[in-house]
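Structure data follow from data_31.txt (compact mmCIF, N, CA and C atoms):
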```txt
# COMPACT_ATOMS: atom_id res chain seq x y z
N MET A 1 -43.33 10.64 -12.91
CA MET A 1 -43.06 11.34 -14.13
C MET A 1 -44.04 10.93 -15.23
N VAL A 2 -44.35 9.66 -15.29
CA VAL A 2 -45.27 9.17 -16.32
C VAL A 2 -46.65 9.82 -16.16
N LEU A 3 -47.11 9.93 -14.92
CA LEU A 3 -48.42 10.52 -14.69
C LEU A 3 -48.45 12.01 -15.00
N HIS A 4 -47.29 12.63 -15.10
CA HIS A 4 -47.20 14.03 -15.52
C HIS A 4 -46.92 14.13 -17.02
N ARG A 5 -46.94 12.98 -17.70
CA ARG A 5 -46.75 12.88 -19.15
C ARG A 5 -45.38 13.37 -19.59
N LEU A 6 -44.38 13.03 -18.79
CA LEU A 6 -43.01 13.39 -19.12
C LEU A 6 -42.21 12.11 -19.34
N ALA A 7 -41.52 12.06 -20.45
CA ALA A 7 -40.75 10.87 -20.81
C ALA A 7 -39.33 11.00 -20.26
N VAL A 8 -39.19 10.78 -18.99
CA VAL A 8 -37.88 10.80 -18.34
C VAL A 8 -37.67 9.42 -17.75
N MET A 9 -36.52 8.84 -18.05
CA MET A 9 -36.25 7.48 -17.57
C MET A 9 -35.87 7.51 -16.09
N SER A 10 -36.30 6.49 -15.38
CA SER A 10 -35.97 6.36 -13.96
C SER A 10 -35.66 4.90 -13.67
N LYS A 11 -34.81 4.68 -12.72
CA LYS A 11 -34.46 3.31 -12.37
C LYS A 11 -35.37 2.73 -11.31
N ASP A 12 -36.22 3.56 -10.71
CA ASP A 12 -37.06 3.06 -9.64
C ASP A 12 -38.35 3.86 -9.53
N GLY A 13 -39.23 3.36 -8.68
CA GLY A 13 -40.45 4.07 -8.36
C GLY A 13 -40.35 4.59 -6.93
N ASP A 14 -40.72 5.82 -6.72
CA ASP A 14 -40.69 6.41 -5.38
C ASP A 14 -42.12 6.46 -4.84
N TRP A 15 -42.27 5.95 -3.62
CA TRP A 15 -43.59 5.86 -3.00
C TRP A 15 -43.58 6.58 -1.67
N ILE A 16 -44.52 7.48 -1.49
CA ILE A 16 -44.70 8.14 -0.20
C ILE A 16 -45.77 7.35 0.55
N LEU A 17 -45.42 6.89 1.73
CA LEU A 17 -46.35 6.11 2.54
C LEU A 17 -46.84 6.93 3.72
N ARG A 18 -48.04 6.62 4.17
CA ARG A 18 -48.50 7.22 5.42
C ARG A 18 -47.61 6.70 6.53
N GLU A 19 -47.32 7.56 7.47
CA GLU A 19 -46.40 7.20 8.53
C GLU A 19 -47.16 6.52 9.68
N ASP A 20 -47.60 5.31 9.41
CA ASP A 20 -48.24 4.52 10.47
C ASP A 20 -47.92 3.05 10.24
N ALA A 21 -47.97 2.30 11.31
CA ALA A 21 -47.57 0.88 11.26
C ALA A 21 -48.43 0.09 10.29
N GLU A 22 -49.72 0.37 10.22
CA GLU A 22 -50.61 -0.38 9.33
C GLU A 22 -50.18 -0.24 7.87
N ALA A 23 -49.87 0.97 7.45
CA ALA A 23 -49.45 1.19 6.06
C ALA A 23 -48.14 0.46 5.77
N LEU A 24 -47.19 0.56 6.68
CA LEU A 24 -45.89 -0.08 6.47
C LEU A 24 -46.02 -1.60 6.45
N GLU A 25 -46.82 -2.14 7.34
CA GLU A 25 -47.03 -3.60 7.38
C GLU A 25 -47.69 -4.09 6.10
N HIS A 26 -48.65 -3.32 5.58
CA HIS A 26 -49.31 -3.70 4.33
C HIS A 26 -48.30 -3.77 3.19
N VAL A 27 -47.47 -2.75 3.07
CA VAL A 27 -46.47 -2.72 2.01
C VAL A 27 -45.48 -3.87 2.16
N LEU A 28 -45.07 -4.14 3.38
CA LEU A 28 -44.14 -5.27 3.61
C LEU A 28 -44.76 -6.60 3.19
N ARG A 29 -46.06 -6.78 3.44
CA ARG A 29 -46.73 -8.03 3.02
C ARG A 29 -46.75 -8.14 1.49
N VAL A 30 -47.06 -7.05 0.82
CA VAL A 30 -47.08 -7.05 -0.65
C VAL A 30 -45.68 -7.34 -1.19
N LEU A 31 -44.68 -6.70 -0.64
CA LEU A 31 -43.31 -6.93 -1.08
C LEU A 31 -42.89 -8.37 -0.84
N ASP A 32 -43.29 -8.94 0.28
CA ASP A 32 -42.97 -10.33 0.59
C ASP A 32 -43.58 -11.27 -0.45
N ARG A 33 -44.81 -11.00 -0.86
CA ARG A 33 -45.46 -11.84 -1.89
C ARG A 33 -44.71 -11.81 -3.21
N HIS A 34 -43.99 -10.73 -3.45
CA HIS A 34 -43.21 -10.59 -4.69
C HIS A 34 -41.77 -11.04 -4.52
N GLY A 35 -41.43 -11.52 -3.32
CA GLY A 35 -40.06 -11.97 -3.08
C GLY A 35 -39.05 -10.83 -3.07
N ALA A 36 -39.49 -9.65 -2.68
CA ALA A 36 -38.61 -8.48 -2.69
C ALA A 36 -37.49 -8.62 -1.68
N ARG A 37 -36.33 -8.02 -2.05
CA ARG A 37 -35.16 -7.99 -1.18
C ARG A 37 -34.82 -6.53 -0.91
N TYR A 38 -34.28 -6.32 0.28
CA TYR A 38 -33.80 -4.97 0.60
C TYR A 38 -32.59 -4.63 -0.25
N ARG A 39 -32.53 -3.39 -0.69
CA ARG A 39 -31.32 -2.82 -1.25
C ARG A 39 -30.70 -1.95 -0.15
N PHE A 40 -29.59 -1.33 -0.43
CA PHE A 40 -28.94 -0.48 0.56
C PHE A 40 -29.91 0.57 1.10
N GLY A 41 -29.99 0.70 2.41
CA GLY A 41 -30.84 1.71 3.02
C GLY A 41 -31.41 1.22 4.34
N ALA A 42 -32.31 1.96 4.87
CA ALA A 42 -32.92 1.67 6.17
C ALA A 42 -34.04 0.64 6.02
N PRO A 43 -34.35 -0.05 7.11
CA PRO A 43 -35.49 -0.97 7.08
C PRO A 43 -36.80 -0.21 6.97
N LEU A 44 -37.79 -0.84 6.39
CA LEU A 44 -39.13 -0.24 6.31
C LEU A 44 -39.79 -0.45 7.67
N ASP A 45 -39.46 0.43 8.58
CA ASP A 45 -39.87 0.34 9.97
C ASP A 45 -40.24 1.75 10.44
N ILE A 46 -41.29 1.86 11.21
CA ILE A 46 -41.79 3.17 11.64
C ILE A 46 -40.71 4.01 12.32
N ARG A 47 -39.83 3.37 13.08
CA ARG A 47 -38.78 4.12 13.78
C ARG A 47 -37.83 4.80 12.81
N TRP A 48 -37.50 4.14 11.73
CA TRP A 48 -36.61 4.72 10.73
C TRP A 48 -37.35 5.75 9.88
N MET A 49 -38.58 5.46 9.52
CA MET A 49 -39.35 6.38 8.68
C MET A 49 -39.58 7.70 9.41
N GLN A 50 -39.82 7.64 10.73
CA GLN A 50 -40.01 8.87 11.52
C GLN A 50 -38.75 9.71 11.55
N GLY A 51 -37.62 9.10 11.32
CA GLY A 51 -36.36 9.83 11.27
C GLY A 51 -36.05 10.40 9.90
N GLY A 52 -36.95 10.20 8.94
CA GLY A 52 -36.76 10.76 7.60
C GLY A 52 -35.95 9.88 6.66
N TRP A 53 -35.70 8.63 7.05
CA TRP A 53 -34.95 7.70 6.21
C TRP A 53 -35.82 7.17 5.07
N SER A 54 -35.20 6.55 4.10
CA SER A 54 -35.94 5.87 3.03
C SER A 54 -35.54 4.40 3.03
N SER A 55 -36.42 3.59 2.48
CA SER A 55 -36.21 2.15 2.43
C SER A 55 -36.30 1.71 0.98
N HIS A 56 -35.37 0.84 0.56
CA HIS A 56 -35.25 0.48 -0.86
C HIS A 56 -35.35 -1.02 -1.05
N PHE A 57 -36.14 -1.42 -2.06
CA PHE A 57 -36.36 -2.84 -2.34
C PHE A 57 -36.18 -3.11 -3.83
N GLU A 58 -36.01 -4.39 -4.12
CA GLU A 58 -35.88 -4.85 -5.51
C GLU A 58 -36.51 -6.23 -5.61
N PHE A 59 -37.20 -6.48 -6.74
CA PHE A 59 -37.74 -7.81 -7.01
C PHE A 59 -37.90 -7.99 -8.51
N GLU A 60 -38.13 -9.22 -8.93
CA GLU A 60 -38.35 -9.55 -10.34
C GLU A 60 -39.84 -9.70 -10.60
N ALA A 61 -40.30 -9.15 -11.71
CA ALA A 61 -41.69 -9.29 -12.12
C ALA A 61 -41.74 -9.39 -13.64
N SER A 62 -42.32 -10.45 -14.14
CA SER A 62 -42.44 -10.65 -15.58
C SER A 62 -41.11 -10.51 -16.29
N GLY A 63 -40.05 -11.00 -15.67
CA GLY A 63 -38.73 -10.96 -16.29
C GLY A 63 -38.02 -9.63 -16.19
N SER A 64 -38.59 -8.67 -15.50
CA SER A 64 -37.98 -7.35 -15.35
C SER A 64 -37.62 -7.08 -13.90
N ARG A 65 -36.55 -6.35 -13.71
CA ARG A 65 -36.16 -5.93 -12.36
C ARG A 65 -37.01 -4.72 -11.96
N VAL A 66 -37.60 -4.79 -10.80
CA VAL A 66 -38.41 -3.69 -10.27
C VAL A 66 -37.73 -3.16 -9.02
N ARG A 67 -37.47 -1.87 -9.00
CA ARG A 67 -36.88 -1.23 -7.82
C ARG A 67 -37.87 -0.21 -7.27
N THR A 68 -37.99 -0.20 -5.96
CA THR A 68 -38.91 0.71 -5.31
C THR A 68 -38.23 1.38 -4.12
N ASP A 69 -38.54 2.64 -3.92
CA ASP A 69 -38.05 3.40 -2.78
C ASP A 69 -39.27 3.91 -2.01
N PHE A 70 -39.24 3.73 -0.70
CA PHE A 70 -40.36 4.14 0.14
C PHE A 70 -39.90 5.13 1.19
N PHE A 71 -40.72 6.14 1.46
CA PHE A 71 -40.44 7.10 2.52
C PHE A 71 -41.75 7.68 3.00
N THR A 72 -41.74 8.27 4.18
CA THR A 72 -42.94 8.89 4.73
C THR A 72 -42.79 10.40 4.85
N ARG A 73 -41.57 10.86 4.78
CA ARG A 73 -41.29 12.30 4.89
C ARG A 73 -40.46 12.72 3.69
N PRO A 74 -41.15 13.04 2.58
CA PRO A 74 -40.41 13.39 1.37
C PRO A 74 -39.50 14.59 1.60
N PRO A 75 -38.32 14.55 1.02
CA PRO A 75 -37.37 15.65 1.21
C PRO A 75 -37.91 16.97 0.66
N ARG A 76 -37.64 18.03 1.39
CA ARG A 76 -38.00 19.40 1.01
C ARG A 76 -39.50 19.63 0.90
N VAL A 77 -40.30 18.77 1.53
CA VAL A 77 -41.75 18.95 1.56
C VAL A 77 -42.13 19.10 3.03
N SER A 78 -42.71 20.25 3.37
CA SER A 78 -43.05 20.53 4.77
C SER A 78 -44.18 19.61 5.24
N PRO A 79 -44.31 19.42 6.54
CA PRO A 79 -45.42 18.61 7.06
C PRO A 79 -46.79 19.15 6.62
N ASP A 80 -46.94 20.48 6.57
CA ASP A 80 -48.20 21.07 6.12
C ASP A 80 -48.46 20.75 4.64
N GLU A 81 -47.41 20.86 3.84
CA GLU A 81 -47.52 20.55 2.40
C GLU A 81 -47.87 19.08 2.20
N LEU A 82 -47.25 18.21 2.98
CA LEU A 82 -47.54 16.78 2.87
C LEU A 82 -48.99 16.50 3.28
N ALA A 83 -49.46 17.12 4.35
CA ALA A 83 -50.86 16.93 4.78
C ALA A 83 -51.81 17.40 3.69
N ARG A 84 -51.51 18.52 3.06
CA ARG A 84 -52.36 19.02 1.97
C ARG A 84 -52.34 18.05 0.78
N THR A 85 -51.16 17.50 0.49
CA THR A 85 -51.05 16.53 -0.61
C THR A 85 -51.90 15.30 -0.32
N TRP A 86 -51.81 14.76 0.90
CA TRP A 86 -52.64 13.60 1.25
C TRP A 86 -54.12 13.92 1.07
N LYS A 87 -54.54 15.10 1.50
CA LYS A 87 -55.95 15.50 1.39
C LYS A 87 -56.36 15.61 -0.08
N GLU A 88 -55.52 16.24 -0.91
CA GLU A 88 -55.82 16.41 -2.33
C GLU A 88 -55.89 15.07 -3.06
N GLN A 89 -55.11 14.11 -2.63
CA GLN A 89 -55.02 12.83 -3.33
C GLN A 89 -56.05 11.81 -2.85
N ASP A 90 -56.77 12.12 -1.82
CA ASP A 90 -57.76 11.19 -1.28
C ASP A 90 -58.75 10.77 -2.37
N GLY A 91 -58.82 9.47 -2.61
CA GLY A 91 -59.74 8.93 -3.61
C GLY A 91 -59.20 8.91 -5.03
N ARG A 92 -58.05 9.46 -5.27
CA ARG A 92 -57.46 9.48 -6.61
C ARG A 92 -56.80 8.12 -6.87
N ASP A 93 -57.01 7.58 -8.06
CA ASP A 93 -56.45 6.28 -8.39
C ASP A 93 -55.75 6.36 -9.75
N PRO A 94 -54.46 6.36 -9.78
CA PRO A 94 -53.54 6.28 -8.64
C PRO A 94 -53.26 7.67 -8.09
N PRO A 95 -52.98 7.76 -6.81
CA PRO A 95 -52.59 9.06 -6.25
C PRO A 95 -51.16 9.40 -6.64
N TYR A 96 -50.88 10.67 -6.87
CA TYR A 96 -49.51 11.11 -7.17
C TYR A 96 -49.36 12.58 -6.83
N VAL A 97 -48.14 12.99 -6.57
CA VAL A 97 -47.89 14.37 -6.19
C VAL A 97 -47.96 15.29 -7.40
N ASP A 98 -48.31 16.55 -7.12
CA ASP A 98 -48.38 17.51 -8.23
C ASP A 98 -46.96 17.89 -8.66
N ALA A 99 -46.87 18.55 -9.80
CA ALA A 99 -45.57 18.86 -10.41
C ALA A 99 -44.71 19.72 -9.50
N ARG A 100 -45.31 20.67 -8.78
CA ARG A 100 -44.54 21.54 -7.91
C ARG A 100 -43.89 20.76 -6.77
N VAL A 101 -44.65 19.88 -6.13
CA VAL A 101 -44.11 19.06 -5.04
C VAL A 101 -43.04 18.12 -5.58
N LEU A 102 -43.27 17.52 -6.73
CA LEU A 102 -42.29 16.62 -7.32
C LEU A 102 -40.99 17.37 -7.62
N ALA A 103 -41.09 18.58 -8.12
CA ALA A 103 -39.89 19.37 -8.40
C ALA A 103 -39.11 19.64 -7.11
N GLU A 104 -39.80 19.93 -6.03
CA GLU A 104 -39.11 20.14 -4.75
C GLU A 104 -38.39 18.87 -4.31
N MET A 105 -39.05 17.73 -4.48
CA MET A 105 -38.44 16.47 -4.08
C MET A 105 -37.20 16.16 -4.91
N LYS A 106 -37.16 16.64 -6.15
CA LYS A 106 -36.04 16.35 -7.05
C LYS A 106 -34.87 17.32 -6.90
N LYS A 107 -34.97 18.31 -6.05
CA LYS A 107 -33.88 19.26 -5.84
C LYS A 107 -32.80 18.63 -4.98
N THR A 108 -32.07 17.69 -5.56
CA THR A 108 -31.12 16.88 -4.82
C THR A 108 -29.67 17.28 -5.03
N ASN A 109 -29.41 18.23 -5.89
CA ASN A 109 -28.05 18.59 -6.30
C ASN A 109 -27.37 17.49 -7.11
N ARG A 110 -28.17 16.55 -7.62
CA ARG A 110 -27.63 15.56 -8.55
C ARG A 110 -27.88 16.08 -9.96
N GLU A 111 -26.86 16.06 -10.77
CA GLU A 111 -26.96 16.60 -12.12
C GLU A 111 -28.13 16.00 -12.89
N LYS A 112 -28.37 14.70 -12.72
CA LYS A 112 -29.43 14.05 -13.49
C LYS A 112 -30.82 14.57 -13.13
N ASP A 113 -30.99 15.15 -11.95
CA ASP A 113 -32.30 15.65 -11.56
C ASP A 113 -32.63 17.03 -12.14
N PHE A 114 -31.62 17.76 -12.61
CA PHE A 114 -31.88 19.08 -13.18
C PHE A 114 -32.78 18.98 -14.42
N ALA A 115 -32.59 17.96 -15.23
CA ALA A 115 -33.43 17.78 -16.42
C ALA A 115 -34.88 17.51 -16.01
N VAL A 116 -35.06 16.75 -14.96
CA VAL A 116 -36.42 16.45 -14.47
C VAL A 116 -37.10 17.74 -14.02
N ILE A 117 -36.40 18.53 -13.25
CA ILE A 117 -36.95 19.80 -12.76
C ILE A 117 -37.29 20.70 -13.94
N GLY A 118 -36.41 20.75 -14.91
CA GLY A 118 -36.67 21.56 -16.10
C GLY A 118 -37.92 21.11 -16.84
N GLU A 119 -38.09 19.83 -17.01
CA GLU A 119 -39.27 19.29 -17.68
C GLU A 119 -40.53 19.60 -16.89
N LEU A 120 -40.47 19.50 -15.59
CA LEU A 120 -41.64 19.80 -14.74
C LEU A 120 -42.01 21.27 -14.81
N ALA A 121 -40.98 22.13 -14.94
CA ALA A 121 -41.25 23.57 -15.01
C ALA A 121 -41.99 23.91 -16.31
```
Rewrite the structure of this file - the entire thing - as C-alpha cells.
Amino acid sequence: MVLHRLAVMSKDGDWILREDAEALEHVLRVLDRHGARYRFGAPLDIRWMQGGWSSHFEFEASGSRVRTDFFTRPPRVSPDELARTWKEQDGRDPPYVDARVLAEMKKTNREKDFAVIGELA
C-alpha cells in the first residue's frame, strides 16, 4: 500500500515468494537471524506453499513488532498473471504488485479490505 502511495494501516507485510526451495530457504535464514517465530499458519515449506497455503511470522526489530505473511500463490491471481508480474518486476527495487493485482488479492470478503480496494480503484 505504501508503494502505491495510499495511507492505509496494515498489521503485517505480505510477501510473494518464488515457489522454489532456494527462495524459501533464503527467507528462512533471514527470519532466523531476526529471531522470528511462527504465528498461526502453515510452515514455510515448499510442500505447503504448492498447496496454496500461507506462512506467518513475527519478530521484534528496533522495539517494534514486525509481522510478515509469505505465500507463493497469491489468492485470485492466475498462474499466467503471476508469471507476468514476476517478469514485470524483474530488476525493480523493491518489487511490488500493481494496483490491479493487489485489488484482486484483497477481495477477501473481509469488511476491512473494501476500503483498500476502494482506495486502489
For the interface of range 64-105 of chain A with range 26-46 of chain A (cut-off 12 Å, counting only C-alpha atoms), please tabulate each contacting residue of range 64-105 of chain A alongside its nearest pair of atoms and their separation in Å to one decimal, rows sorted by chain and increasing number, as CSV.
```
residue,atom,partner,partner_atom,distance
A:Arg65,CA,A:Ala36,CA,10.3
A:Val66,CA,A:Ala36,CA,9.0
A:Arg67,CA,A:Arg39,CA,8.8
A:Thr68,CA,A:Arg39,CA,9.3
A:Asp69,CA,A:Arg39,CA,9.3
A:Phe70,CA,A:Leu44,CA,7.7
A:Phe71,CA,A:Leu44,CA,8.4
A:Thr72,CA,A:Ile46,CA,9.0
A:Arg73,CA,A:Ile46,CA,11.4
```
Can you list, as a PyMOL selection string, every residue of range 19-93 of chain A that DSSP puts in strand (DSSP E or B)? chain A and resi 37-38+55-61+64-71
If you run DSSP on the backbone here, which positions in chain A get alpha helix (DSSP H)? Please write them as a PyMOL selection string. chain A and resi 21-33+46-49+79-89+99-105+111-120
Selected residues written out with N, CA and C atoms, as a short mmCIF file (atom, residue, chain, number, x, y, z; two decimals), in the frame of the given file:
```cif
data_model
loop_
_atom_site.label_atom_id
_atom_site.label_comp_id
_atom_site.auth_asym_id
_atom_site.auth_seq_id
_atom_site.Cartn_x
_atom_site.Cartn_y
_atom_site.Cartn_z
N ALA A 21 -47.97 2.30 11.31
CA ALA A 21 -47.57 0.88 11.26
C ALA A 21 -48.43 0.09 10.29
N GLU A 22 -49.72 0.37 10.22
CA GLU A 22 -50.61 -0.38 9.33
C GLU A 22 -50.18 -0.24 7.87
N ALA A 23 -49.87 0.97 7.45
CA ALA A 23 -49.45 1.19 6.06
C ALA A 23 -48.14 0.46 5.77
N LEU A 24 -47.19 0.56 6.68
CA LEU A 24 -45.89 -0.08 6.47
C LEU A 24 -46.02 -1.60 6.45
N GLU A 25 -46.82 -2.14 7.34
CA GLU A 25 -47.03 -3.60 7.38
C GLU A 25 -47.69 -4.09 6.10
N HIS A 26 -48.65 -3.32 5.58
CA HIS A 26 -49.31 -3.70 4.33
C HIS A 26 -48.30 -3.77 3.19
N VAL A 27 -47.47 -2.75 3.07
CA VAL A 27 -46.47 -2.72 2.01
C VAL A 27 -45.48 -3.87 2.16
N LEU A 28 -45.07 -4.14 3.38
CA LEU A 28 -44.14 -5.27 3.61
C LEU A 28 -44.76 -6.60 3.19
N ARG A 29 -46.06 -6.78 3.44
CA ARG A 29 -46.73 -8.03 3.02
C ARG A 29 -46.75 -8.14 1.49
N VAL A 30 -47.06 -7.05 0.82
CA VAL A 30 -47.08 -7.05 -0.65
C VAL A 30 -45.68 -7.34 -1.19
N LEU A 31 -44.68 -6.70 -0.64
CA LEU A 31 -43.31 -6.93 -1.08
C LEU A 31 -42.89 -8.37 -0.84
N ASP A 32 -43.29 -8.94 0.28
CA ASP A 32 -42.97 -10.33 0.59
C ASP A 32 -43.58 -11.27 -0.45
N ARG A 33 -44.81 -11.00 -0.86
CA ARG A 33 -45.46 -11.84 -1.89
C ARG A 33 -44.71 -11.81 -3.21
N ILE A 46 -41.29 1.86 11.21
CA ILE A 46 -41.79 3.17 11.64
C ILE A 46 -40.71 4.01 12.32
N ARG A 47 -39.83 3.37 13.08
CA ARG A 47 -38.78 4.12 13.78
C ARG A 47 -37.83 4.80 12.81
N TRP A 48 -37.50 4.14 11.73
CA TRP A 48 -36.61 4.72 10.73
C TRP A 48 -37.35 5.75 9.88
N MET A 49 -38.58 5.46 9.52
CA MET A 49 -39.35 6.38 8.68
C MET A 49 -39.58 7.70 9.41
N PRO A 79 -44.31 19.42 6.54
CA PRO A 79 -45.42 18.61 7.06
C PRO A 79 -46.79 19.15 6.62
N ASP A 80 -46.94 20.48 6.57
CA ASP A 80 -48.20 21.07 6.12
C ASP A 80 -48.46 20.75 4.64
N GLU A 81 -47.41 20.86 3.84
CA GLU A 81 -47.52 20.55 2.40
C GLU A 81 -47.87 19.08 2.20
N LEU A 82 -47.25 18.21 2.98
CA LEU A 82 -47.54 16.78 2.87
C LEU A 82 -48.99 16.50 3.28
N ALA A 83 -49.46 17.12 4.35
CA ALA A 83 -50.86 16.93 4.78
C ALA A 83 -51.81 17.40 3.69
N ARG A 84 -51.51 18.52 3.06
CA ARG A 84 -52.36 19.02 1.97
C ARG A 84 -52.34 18.05 0.78
N THR A 85 -51.16 17.50 0.49
CA THR A 85 -51.05 16.53 -0.61
C THR A 85 -51.90 15.30 -0.32
N TRP A 86 -51.81 14.76 0.90
CA TRP A 86 -52.64 13.60 1.25
C TRP A 86 -54.12 13.92 1.07
N LYS A 87 -54.54 15.10 1.50
CA LYS A 87 -55.95 15.50 1.39
C LYS A 87 -56.36 15.61 -0.08
N GLU A 88 -55.52 16.24 -0.91
CA GLU A 88 -55.82 16.41 -2.33
C GLU A 88 -55.89 15.07 -3.06
N GLN A 89 -55.11 14.11 -2.63
CA GLN A 89 -55.02 12.83 -3.33
C GLN A 89 -56.05 11.81 -2.85
N ALA A 99 -46.87 18.55 -9.80
CA ALA A 99 -45.57 18.86 -10.41
C ALA A 99 -44.71 19.72 -9.50
N ARG A 100 -45.31 20.67 -8.78
CA ARG A 100 -44.54 21.54 -7.91
C ARG A 100 -43.89 20.76 -6.77
N VAL A 101 -44.65 19.88 -6.13
CA VAL A 101 -44.11 19.06 -5.04
C VAL A 101 -43.04 18.12 -5.58
N LEU A 102 -43.27 17.52 -6.73
CA LEU A 102 -42.29 16.62 -7.32
C LEU A 102 -40.99 17.37 -7.62
N ALA A 103 -41.09 18.58 -8.12
CA ALA A 103 -39.89 19.37 -8.40
C ALA A 103 -39.11 19.64 -7.11
N GLU A 104 -39.80 19.93 -6.03
CA GLU A 104 -39.11 20.14 -4.75
C GLU A 104 -38.39 18.87 -4.31
N MET A 105 -39.05 17.73 -4.48
CA MET A 105 -38.44 16.47 -4.08
C MET A 105 -37.20 16.16 -4.91
N GLU A 111 -26.86 16.06 -10.77
CA GLU A 111 -26.96 16.60 -12.12
C GLU A 111 -28.13 16.00 -12.89
N LYS A 112 -28.37 14.70 -12.72
CA LYS A 112 -29.43 14.05 -13.49
C LYS A 112 -30.82 14.57 -13.13
N ASP A 113 -30.99 15.15 -11.95
CA ASP A 113 -32.30 15.65 -11.56
C ASP A 113 -32.63 17.03 -12.14
N PHE A 114 -31.62 17.76 -12.61
CA PHE A 114 -31.88 19.08 -13.18
C PHE A 114 -32.78 18.98 -14.42
N ALA A 115 -32.59 17.96 -15.23
CA ALA A 115 -33.43 17.78 -16.42
C ALA A 115 -34.88 17.51 -16.01
N VAL A 116 -35.06 16.75 -14.96
CA VAL A 116 -36.42 16.45 -14.47
C VAL A 116 -37.10 17.74 -14.02
N ILE A 117 -36.40 18.53 -13.25
CA ILE A 117 -36.95 19.80 -12.76
C ILE A 117 -37.29 20.70 -13.94
N GLY A 118 -36.41 20.75 -14.91
CA GLY A 118 -36.67 21.56 -16.10
C GLY A 118 -37.92 21.11 -16.84
N GLU A 119 -38.09 19.83 -17.01
CA GLU A 119 -39.27 19.29 -17.68
C GLU A 119 -40.53 19.60 -16.89
N LEU A 120 -40.47 19.50 -15.59
CA LEU A 120 -41.64 19.80 -14.74
C LEU A 120 -42.01 21.27 -14.81
#
```
Near Val116 in chain A, counting all atoms listed in the file, which residues have an atom at most 8 Å away, once you skip same-chain residues fewer than 4 positions from it, shown as a ChimeraX atom specification? /A:8,102-103,106,111-112,120-121
I'd like the contact shell of range 82-96 of chain A - 9 Å cut-off, only C-alpha atoms, skipping same-chain residues fewer than 3 positions apart - returned as a JSON list (two decimals) with N, CA and C atoms, in the coordinates of the input.
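Here's the written file out-v2.json:
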```
[["chain", "number", "residue", "atom", "x", "y", "z"],
["A", 3, "LEU", "N", -47.11, 9.93, -14.92],
["A", 3, "LEU", "CA", -48.42, 10.52, -14.69],
["A", 3, "LEU", "C", -48.45, 12.01, -15.00],
["A", 15, "TRP", "N", -42.27, 5.95, -3.62],
["A", 15, "TRP", "CA", -43.59, 5.86, -3.00],
["A", 15, "TRP", "C", -43.58, 6.58, -1.67],
["A", 16, "ILE", "N", -44.52, 7.48, -1.49],
["A", 16, "ILE", "CA", -44.70, 8.14, -0.20],
["A", 16, "ILE", "C", -45.77, 7.35, 0.55],
["A", 18, "ARG", "N", -48.04, 6.62, 4.17],
["A", 18, "ARG", "CA", -48.50, 7.22, 5.42],
["A", 18, "ARG", "C", -47.61, 6.70, 6.53],
["A", 73, "ARG", "N", -41.57, 10.86, 4.78],
["A", 73, "ARG", "CA", -41.29, 12.30, 4.89],
["A", 73, "ARG", "C", -40.46, 12.72, 3.69],
["A", 74, "PRO", "N", -41.15, 13.04, 2.58],
["A", 74, "PRO", "CA", -40.41, 13.39, 1.37],
["A", 74, "PRO", "C", -39.50, 14.59, 1.60],
["A", 77, "VAL", "N", -40.30, 18.77, 1.53],
["A", 77, "VAL", "CA", -41.75, 18.95, 1.56],
["A", 77, "VAL", "C", -42.13, 19.10, 3.03],
["A", 78, "SER", "N", -42.71, 20.25, 3.37],
["A", 78, "SER", "CA", -43.05, 20.53, 4.77],
["A", 78, "SER", "C", -44.18, 19.61, 5.24],
["A", 79, "PRO", "N", -44.31, 19.42, 6.54],
["A", 79, "PRO", "CA", -45.42, 18.61, 7.06],
["A", 79, "PRO", "C", -46.79, 19.15, 6.62],
["A", 101, "VAL", "N", -44.65, 19.88, -6.13],
["A", 101, "VAL", "CA", -44.11, 19.06, -5.04],
["A", 101, "VAL", "C", -43.04, 18.12, -5.58]]
```
Length of the CA of Glu58 in chain A to atom C of Ala99 in chain A vector [Å]: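 Taking CA of Glu58 in chain A as the start and atom C of Ala99 in chain A as the end point, the length is 26.4 Å.
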One-decimal distance in Å that lies between atom C of Ala21 in chain A and atom N of Glu104 in chain A: 27.1 Å
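One distance worth recording is that between atom C of Met105 in chain A and atom C of Pro75 in chain A, which is 5.7 Å.
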Return as lines of an AutoDock Vina configuration file the box centre and box size in Å, one decimal, for an axis-aligned box around all listed atoms of range 32-48 of chain A padded by 4 Å per side.
```
center_x = -37.2
center_y = -3.1
center_z = 4.5
size_x = 24.5
size_y = 25.7
size_z = 26.5
```
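Nearest to Ala23 in chain A of all the residues A:Asp80, A:Asp98, A:Met49, A:Ile117 is A:Met49, based on only C-alpha atoms.
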